[in-house]
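Structure file data_3.pdb (PDB, C-alpha atoms) is printed below.
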```
ATOM      1  CA  MET A  11      10.688  -7.662  -1.816  1.00  0.00           C
ATOM      2  CA  ASP A  12       9.629  -8.710  -5.287  1.00  0.00           C
ATOM      3  CA  ARG A  13       6.159  -8.630  -6.871  1.00  0.00           C
ATOM      4  CA  GLU A  14       5.387 -12.234  -5.938  1.00  0.00           C
ATOM      5  CA  SER A  15       6.237 -11.753  -2.261  1.00  0.00           C
ATOM      6  CA  PHE A  16       4.352  -8.420  -2.227  1.00  0.00           C
ATOM      7  CA  ASN A  17       1.224 -10.180  -3.505  1.00  0.00           C
ATOM      8  CA  ALA A  18       1.654 -13.061  -1.050  1.00  0.00           C
ATOM      9  CA  PHE A  19       2.017 -10.658   1.868  1.00  0.00           C
ATOM     10  CA  CYS A  20      -1.032  -8.577   0.906  1.00  0.00           C
ATOM     11  CA  ASP A  21      -3.017 -11.781   0.378  1.00  0.00           C
ATOM     12  CA  SER A  22      -2.128 -12.882   3.929  1.00  0.00           C
ATOM     13  CA  LEU A  23      -3.973  -9.901   5.409  1.00  0.00           C
ATOM     14  CA  LYS A  24      -7.553 -10.603   6.448  1.00  0.00           C
ATOM     15  CA  ALA A  25     -10.422  -9.926   3.992  1.00  0.00           C
ATOM     16  CA  THR A  26      -8.291  -8.530   1.174  1.00  0.00           C
ATOM     17  CA  THR A  27      -9.050  -8.664  -2.535  1.00  0.00           C
ATOM     18  CA  HIS A  28      -6.773  -8.350  -5.537  1.00  0.00           C
ATOM     19  CA  VAL A  29      -7.397  -6.871  -8.969  1.00  0.00           C
ATOM     20  CA  VAL A  30      -5.089  -6.070 -11.844  1.00  0.00           C
ATOM     21  CA  GLN A  31      -5.867  -2.648 -13.274  1.00  0.00           C
ATOM     22  CA  TRP A  32      -4.337   0.686 -14.207  1.00  0.00           C
ATOM     23  CA  GLY A  33      -1.881  -0.648 -16.766  1.00  0.00           C
ATOM     24  CA  GLY A  34      -1.160  -4.013 -15.176  1.00  0.00           C
ATOM     25  CA  ALA A  35      -0.700  -2.883 -11.565  1.00  0.00           C
ATOM     26  CA  ASP A  36      -1.482  -5.303  -8.743  1.00  0.00           C
ATOM     27  CA  VAL A  37      -4.057  -3.434  -6.655  1.00  0.00           C
ATOM     28  CA  TRP A  38      -4.961  -4.653  -3.173  1.00  0.00           C
ATOM     29  CA  LYS A  39      -8.128  -3.614  -1.368  1.00  0.00           C
ATOM     30  CA  VAL A  40      -9.908  -4.275   1.873  1.00  0.00           C
ATOM     31  CA  GLY A  41     -13.608  -3.756   1.364  1.00  0.00           C
ATOM     32  CA  ASP A  42     -13.745  -1.046  -1.280  1.00  0.00           C
ATOM     33  CA  LYS A  43     -10.609   0.750  -0.013  1.00  0.00           C
ATOM     34  CA  VAL A  44      -7.270   0.496  -1.830  1.00  0.00           C
ATOM     35  CA  PHE A  45      -4.338   0.049   0.534  1.00  0.00           C
ATOM     36  CA  ALA A  46      -1.430  -1.137  -1.652  1.00  0.00           C
ATOM     37  CA  ILE A  47      -0.341  -1.131  -5.297  1.00  0.00           C
ATOM     38  CA  CYS A  48       2.572  -2.781  -7.078  1.00  0.00           C
ATOM     39  CA  GLY A  49       3.395  -1.348 -10.473  1.00  0.00           C
ATOM     40  CA  TRP A  50       3.999   1.933 -12.311  1.00  0.00           C
ATOM     41  CA  SER A  51       7.751   1.917 -11.817  1.00  0.00           C
ATOM     42  CA  GLY A  52       8.823   2.495 -15.398  1.00  0.00           C
ATOM     43  CA  SER A  53      11.681   0.042 -14.868  1.00  0.00           C
ATOM     44  CA  ASP A  54      12.204  -3.686 -14.456  1.00  0.00           C
ATOM     45  CA  GLN A  55      12.000  -3.341 -10.651  1.00  0.00           C
ATOM     46  CA  PRO A  56       8.574  -3.087  -9.046  1.00  0.00           C
ATOM     47  CA  ALA A  57       7.392   0.024  -7.257  1.00  0.00           C
ATOM     48  CA  PHE A  58       5.294  -0.352  -4.113  1.00  0.00           C
ATOM     49  CA  THR A  59       2.697   2.305  -3.335  1.00  0.00           C
ATOM     50  CA  PHE A  60       0.903   2.601  -0.004  1.00  0.00           C
ATOM     51  CA  LYS A  61      -1.001   5.062   2.174  1.00  0.00           C
ATOM     52  CA  THR A  62       0.825   6.555   5.160  1.00  0.00           C
ATOM     53  CA  SER A  63       0.228   8.614   8.252  1.00  0.00           C
ATOM     54  CA  ASP A  64       1.220  12.275   8.092  1.00  0.00           C
ATOM     55  CA  SER A  65       4.413  11.692  10.064  1.00  0.00           C
ATOM     56  CA  HIS A  66       5.484   8.686   7.978  1.00  0.00           C
ATOM     57  CA  TYR A  67       4.672  10.587   4.795  1.00  0.00           C
ATOM     58  CA  HIS A  68       6.947  13.500   5.674  1.00  0.00           C
ATOM     59  CA  PHE A  69       9.730  11.189   6.840  1.00  0.00           C
ATOM     60  CA  LEU A  70       9.602   8.794   3.863  1.00  0.00           C
ATOM     61  CA  ALA A  71       9.248  11.531   1.247  1.00  0.00           C
ATOM     62  CA  GLU A  72      12.796  12.592   2.159  1.00  0.00           C
ATOM     63  CA  GLU A  73      14.322   9.096   2.235  1.00  0.00           C
ATOM     64  CA  PRO A  74      16.318   7.712  -0.725  1.00  0.00           C
ATOM     65  CA  GLY A  75      14.241   5.279  -2.793  1.00  0.00           C
ATOM     66  CA  TYR A  76      10.913   6.790  -1.702  1.00  0.00           C
ATOM     67  CA  ARG A  77       8.809   9.596  -3.114  1.00  0.00           C
ATOM     68  CA  PRO A  78       5.285  10.974  -2.878  1.00  0.00           C
ATOM     69  CA  ALA A  79       3.248   8.572  -4.991  1.00  0.00           C
ATOM     70  CA  PRO A  80       2.518   9.776  -8.524  1.00  0.00           C
ATOM     71  CA  TYR A  81      -1.203  10.343  -9.168  1.00  0.00           C
ATOM     72  CA  PHE A  82      -2.009  10.309  -5.457  1.00  0.00           C
ATOM     73  CA  ALA A  83       0.220  12.969  -3.915  1.00  0.00           C
ATOM     74  CA  ASN A  84      -0.843  15.642  -6.391  1.00  0.00           C
ATOM     75  CA  ARG A  85      -4.417  15.135  -5.155  1.00  0.00           C
ATOM     76  CA  GLY A  86      -3.394  15.864  -1.570  1.00  0.00           C
ATOM     77  CA  MET A  87      -3.376  12.222  -0.480  1.00  0.00           C
ATOM     78  CA  LYS A  88      -0.647  10.876   1.797  1.00  0.00           C
ATOM     79  CA  TRP A  89       0.607   8.010  -0.368  1.00  0.00           C
ATOM     80  CA  ILE A  90       4.257   7.029  -0.746  1.00  0.00           C
ATOM     81  CA  GLN A  91       5.929   5.005  -3.467  1.00  0.00           C
ATOM     82  CA  GLN A  92       9.020   2.915  -2.802  1.00  0.00           C
ATOM     83  CA  PHE A  93      10.545   2.840  -6.260  1.00  0.00           C
ATOM     84  CA  GLY A  94      14.286   2.484  -6.267  1.00  0.00           C
ATOM     85  CA  GLU A  95      17.530   1.901  -4.499  1.00  0.00           C
ATOM     86  CA  PRO A  96      18.255   1.421  -1.751  1.00  0.00           C
ATOM     87  CA  ARG A  97      15.577  -1.226  -1.243  1.00  0.00           C
ATOM     88  CA  PRO A  98      14.248  -1.246   2.319  1.00  0.00           C
ATOM     89  CA  PRO A  99      14.426  -4.323   4.513  1.00  0.00           C
ATOM     90  CA  ARG A 100      11.401  -6.551   3.915  1.00  0.00           C
ATOM     91  CA  ASP A 101      10.214  -5.997   7.495  1.00  0.00           C
ATOM     92  CA  ASP A 102      10.094  -2.234   6.925  1.00  0.00           C
ATOM     93  CA  LEU A 103       7.975  -2.545   3.800  1.00  0.00           C
ATOM     94  CA  GLU A 104       5.669  -5.082   5.479  1.00  0.00           C
ATOM     95  CA  TYR A 105       5.230  -2.652   8.370  1.00  0.00           C
ATOM     96  CA  TYR A 106       4.169   0.185   6.044  1.00  0.00           C
ATOM     97  CA  LEU A 107       1.847  -2.100   4.065  1.00  0.00           C
ATOM     98  CA  THR A 108       0.234  -3.280   7.308  1.00  0.00           C
ATOM     99  CA  GLU A 109      -0.225   0.303   8.491  1.00  0.00           C
ATOM    100  CA  SER A 110      -1.806   1.223   5.142  1.00  0.00           C
ATOM    101  CA  TYR A 111      -4.145  -1.766   5.504  1.00  0.00           C
ATOM    102  CA  ARG A 112      -5.129  -0.672   9.032  1.00  0.00           C
ATOM    103  CA  MET A 113      -5.858   2.866   7.825  1.00  0.00           C
ATOM    104  CA  ALA A 114      -8.054   1.470   5.050  1.00  0.00           C
ATOM    105  CA  VAL A 115      -9.926  -0.756   7.528  1.00  0.00           C
ATOM    106  CA  ALA A 116     -10.497   2.282   9.761  1.00  0.00           C
ATOM    107  CA  LYS A 117     -12.176   4.083   6.822  1.00  0.00           C
ATOM    108  CA  LEU A 118     -14.723   1.290   6.357  1.00  0.00           C
ATOM    109  CA  THR A 119     -18.135   1.685   7.912  1.00  0.00           C
ATOM    110  CA  ARG A 120     -18.944  -0.274  11.033  1.00  0.00           C
ATOM    111  CA  ALA A 121     -21.292  -2.435   8.955  1.00  0.00           C
ATOM    112  CA  GLN A 122     -18.559  -3.155   6.391  1.00  0.00           C
ATOM    113  CA  ARG A 123     -16.083  -4.101   9.127  1.00  0.00           C
ATOM    114  CA  HIS A 124     -18.692  -6.420  10.657  1.00  0.00           C
ATOM    115  CA  GLU A 125     -19.512  -7.990   7.285  1.00  0.00           C
ATOM    116  CA  LEU A 126     -15.790  -8.629   6.611  1.00  0.00           C
ATOM    117  CA  ASP A 127     -15.212  -9.886  10.190  1.00  0.00           C
ATOM    118  CA  LEU A 128     -12.780  -7.052  10.870  1.00  0.00           C
ATOM    119  CA  THR A 129     -14.300  -5.775  14.098  1.00  0.00           C
ATOM    120  CA  ASP A 130     -11.191  -6.779  16.064  1.00  0.00           C
ATOM    121  CA  LEU A 131      -8.867  -4.451  14.085  1.00  0.00           C
TER     122      LEU A 131
END
```

Let me see whether you can do it: turn the structure in this file into structure tokens.
Amino acid sequence: MDRESFNAFCDSLKATTHVVQWGGADVWKVGDKVFAICGWSGSDQPAFTFKTSDSHYHFLAEEPGYRPAPYFANRGMKWIQQFGEPRPPRDDLEYYLTESYRMAVAKLTRAQRHELDLTDL
């Protein structure tokens, strides 16, 4: 997945917004909750950062090309960054981005979910 396809995928999720911040990173939110970031790789290849469940966090943190996300993991948050080789299949990354999105939606208030028409998620 490249930056353009990352942004297109995140944009396809319902009620998302995009901002560029934190040194040129593409930051995707649902409501006021961040669920995905592209940037901060320090190389010419993009790094993809997303929130995970506890079990996915522990599994991915040990996989080649993944690591606990800088700036998030040291604050006790379960965020992973896919930053290098081997690159995962696109379907795998889309799965983790979708799960991060669902976790962010779950953190919204009932009123926010209603306002964003996300009551079915």

Enclose the full set of atoms of stretch 106-112 of chain A listed in the file within a box whose edges lie along x, y and z, apply 4 Å of padding to each of the six sides, and report centre and edge lengths in Å to one decimal as JSON.
```
{"center_x": -0.5, "center_y": -1.0, "center_z": 6.5, "size_x": 17.3, "size_y": 12.5, "size_z": 13.0}
```

- [ ] Specify as a PyMOL selection string each residue included when the PyMOL selection byres ((chain A and resi 58) around 7) is applied to this file.
- [x] chain A and resi 47-49+56-57+59-60+91-93

Task: Residues selected by the PyMOL selection byres ((chain A and resi 14-16) around 12), written as a PyMOL selection string - done: chain A and resi 11-13+17-23+28+35-38+46-49+56-60+100-101+103-104+106-108

Task: Selected residue of minimal separation from A:Ile90 among A:Tyr67, A:Phe45, A:Tyr111, A:Trp32, counting all atoms listed in the file - done: A:Tyr67

Per residue of stretch 41-94 of chain A within 10 Å of stretch 113-119 of chain A, note the shortest atom pair and the distance in Å to one decimal, counting only C-alpha atoms, and order the rows by chain and increasing residue number, as a Markdown table.
```
| residue | atom | partner | partner_atom | distance |
| --- | --- | --- | --- | --- |
| A:Gly41 | CA | A:Leu118 | CA | 7.2 |
| A:Asp42 | CA | A:Leu118 | CA | 8.0 |
| A:Lys43 | CA | A:Ala114 | CA | 5.7 |
| A:Val44 | CA | A:Ala114 | CA | 7.0 |
| A:Phe45 | CA | A:Ala114 | CA | 6.0 |
| A:Ala46 | CA | A:Ala114 | CA | 9.8 |
| A:Lys61 | CA | A:Met113 | CA | 7.8 |
| A:Thr62 | CA | A:Met113 | CA | 8.1 |
| A:Ser63 | CA | A:Met113 | CA | 8.4 |
```

Open item on the list: Which residues, named as in the file, does the PyMOL selection byres ((chain A and resi 77) around 10) pick out? Answer as a list in words.
Closed with: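 With the PyMOL selection byres ((chain A and resi 77) around 10) on this model, the match is Thr59, Tyr67, His68, Leu70, Ala71, Glu72, Glu73, Pro74, Gly75, Tyr76, Pro78, Ala79, Pro80, Ala83, Trp89, Ile90, Gln91, Gln92, Phe93 and Gly94 of chain A.
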
Selection from above, C-alpha atoms, as an mmCIF file, in the coordinates of the input, can you write it?
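Wrote part07.cif, looks like this:
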```
data_model
loop_
_atom_site.group_PDB
_atom_site.id
_atom_site.type_symbol
_atom_site.label_atom_id
_atom_site.label_comp_id
_atom_site.auth_asym_id
_atom_site.auth_seq_id
_atom_site.Cartn_x
_atom_site.Cartn_y
_atom_site.Cartn_z
ATOM 1 C CA THR A 59 2.697 2.305 -3.335
ATOM 2 C CA TYR A 67 4.672 10.587 4.795
ATOM 3 C CA HIS A 68 6.947 13.500 5.674
ATOM 4 C CA LEU A 70 9.602 8.794 3.863
ATOM 5 C CA ALA A 71 9.248 11.531 1.247
ATOM 6 C CA GLU A 72 12.796 12.592 2.159
ATOM 7 C CA GLU A 73 14.322 9.096 2.235
ATOM 8 C CA PRO A 74 16.318 7.712 -0.725
ATOM 9 C CA GLY A 75 14.241 5.279 -2.793
ATOM 10 C CA TYR A 76 10.913 6.790 -1.702
ATOM 11 C CA PRO A 78 5.285 10.974 -2.878
ATOM 12 C CA ALA A 79 3.248 8.572 -4.991
ATOM 13 C CA PRO A 80 2.518 9.776 -8.524
ATOM 14 C CA ALA A 83 0.220 12.969 -3.915
ATOM 15 C CA TRP A 89 0.607 8.010 -0.368
ATOM 16 C CA ILE A 90 4.257 7.029 -0.746
ATOM 17 C CA GLN A 91 5.929 5.005 -3.467
ATOM 18 C CA GLN A 92 9.020 2.915 -2.802
ATOM 19 C CA PHE A 93 10.545 2.840 -6.260
ATOM 20 C CA GLY A 94 14.286 2.484 -6.267
#
```

- [ ] Have a look at A:Arg120, A:Arg97, A:Lys39, A:Lys88 and name the one nearest to A:Ala25; count only C-alpha atoms.
- [x]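 For A:Ala25, the nearest of the given residues is A:Lys39.
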
Task: Separation of atom CA of A:Phe82 from atom CA of A:Asp102 in Å - done: 21.4 Å

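The spacing separating atom CA of A:Met87 from atom CA of A:Gln122 amounts to 22.7 Å.
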
- [ ] One decimal, Å: what's the distance from atom CA of A:Asp64 over to atom CA of A:Glu125, could you say?
- [x]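 We find that atom CA of A:Asp64 and atom CA of A:Glu125 lie 29.0 Å from each other.
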
If I only want stretch 115-129 of chain A, can you write it with C-alpha atoms, as a PDB file, in the first residue's frame?
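Output (part38.pdb):
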```
ATOM      1  CA  VAL A 115     -16.131   4.623  16.685  1.00  0.00           C
ATOM      2  CA  ALA A 116     -16.744   2.607  19.863  1.00  0.00           C
ATOM      3  CA  LYS A 117     -15.053   5.377  21.905  1.00  0.00           C
ATOM      4  CA  LEU A 118     -17.447   8.031  20.586  1.00  0.00           C
ATOM      5  CA  THR A 119     -20.428   8.975  22.692  1.00  0.00           C
ATOM      6  CA  ARG A 120     -23.833   7.697  21.690  1.00  0.00           C
ATOM      7  CA  ALA A 121     -24.757  11.245  20.658  1.00  0.00           C
ATOM      8  CA  GLN A 122     -21.645  11.550  18.472  1.00  0.00           C
ATOM      9  CA  ARG A 123     -22.358   8.208  16.788  1.00  0.00           C
ATOM     10  CA  HIS A 124     -25.943   9.328  16.134  1.00  0.00           C
ATOM     11  CA  GLU A 125     -24.813  12.699  14.767  1.00  0.00           C
ATOM     12  CA  LEU A 126     -22.335  10.975  12.400  1.00  0.00           C
ATOM     13  CA  ASP A 127     -24.910   8.306  11.419  1.00  0.00           C
ATOM     14  CA  LEU A 128     -22.716   5.559  12.850  1.00  0.00           C
ATOM     15  CA  THR A 129     -25.305   3.858  15.033  1.00  0.00           C
TER      16      THR A 129
END
```
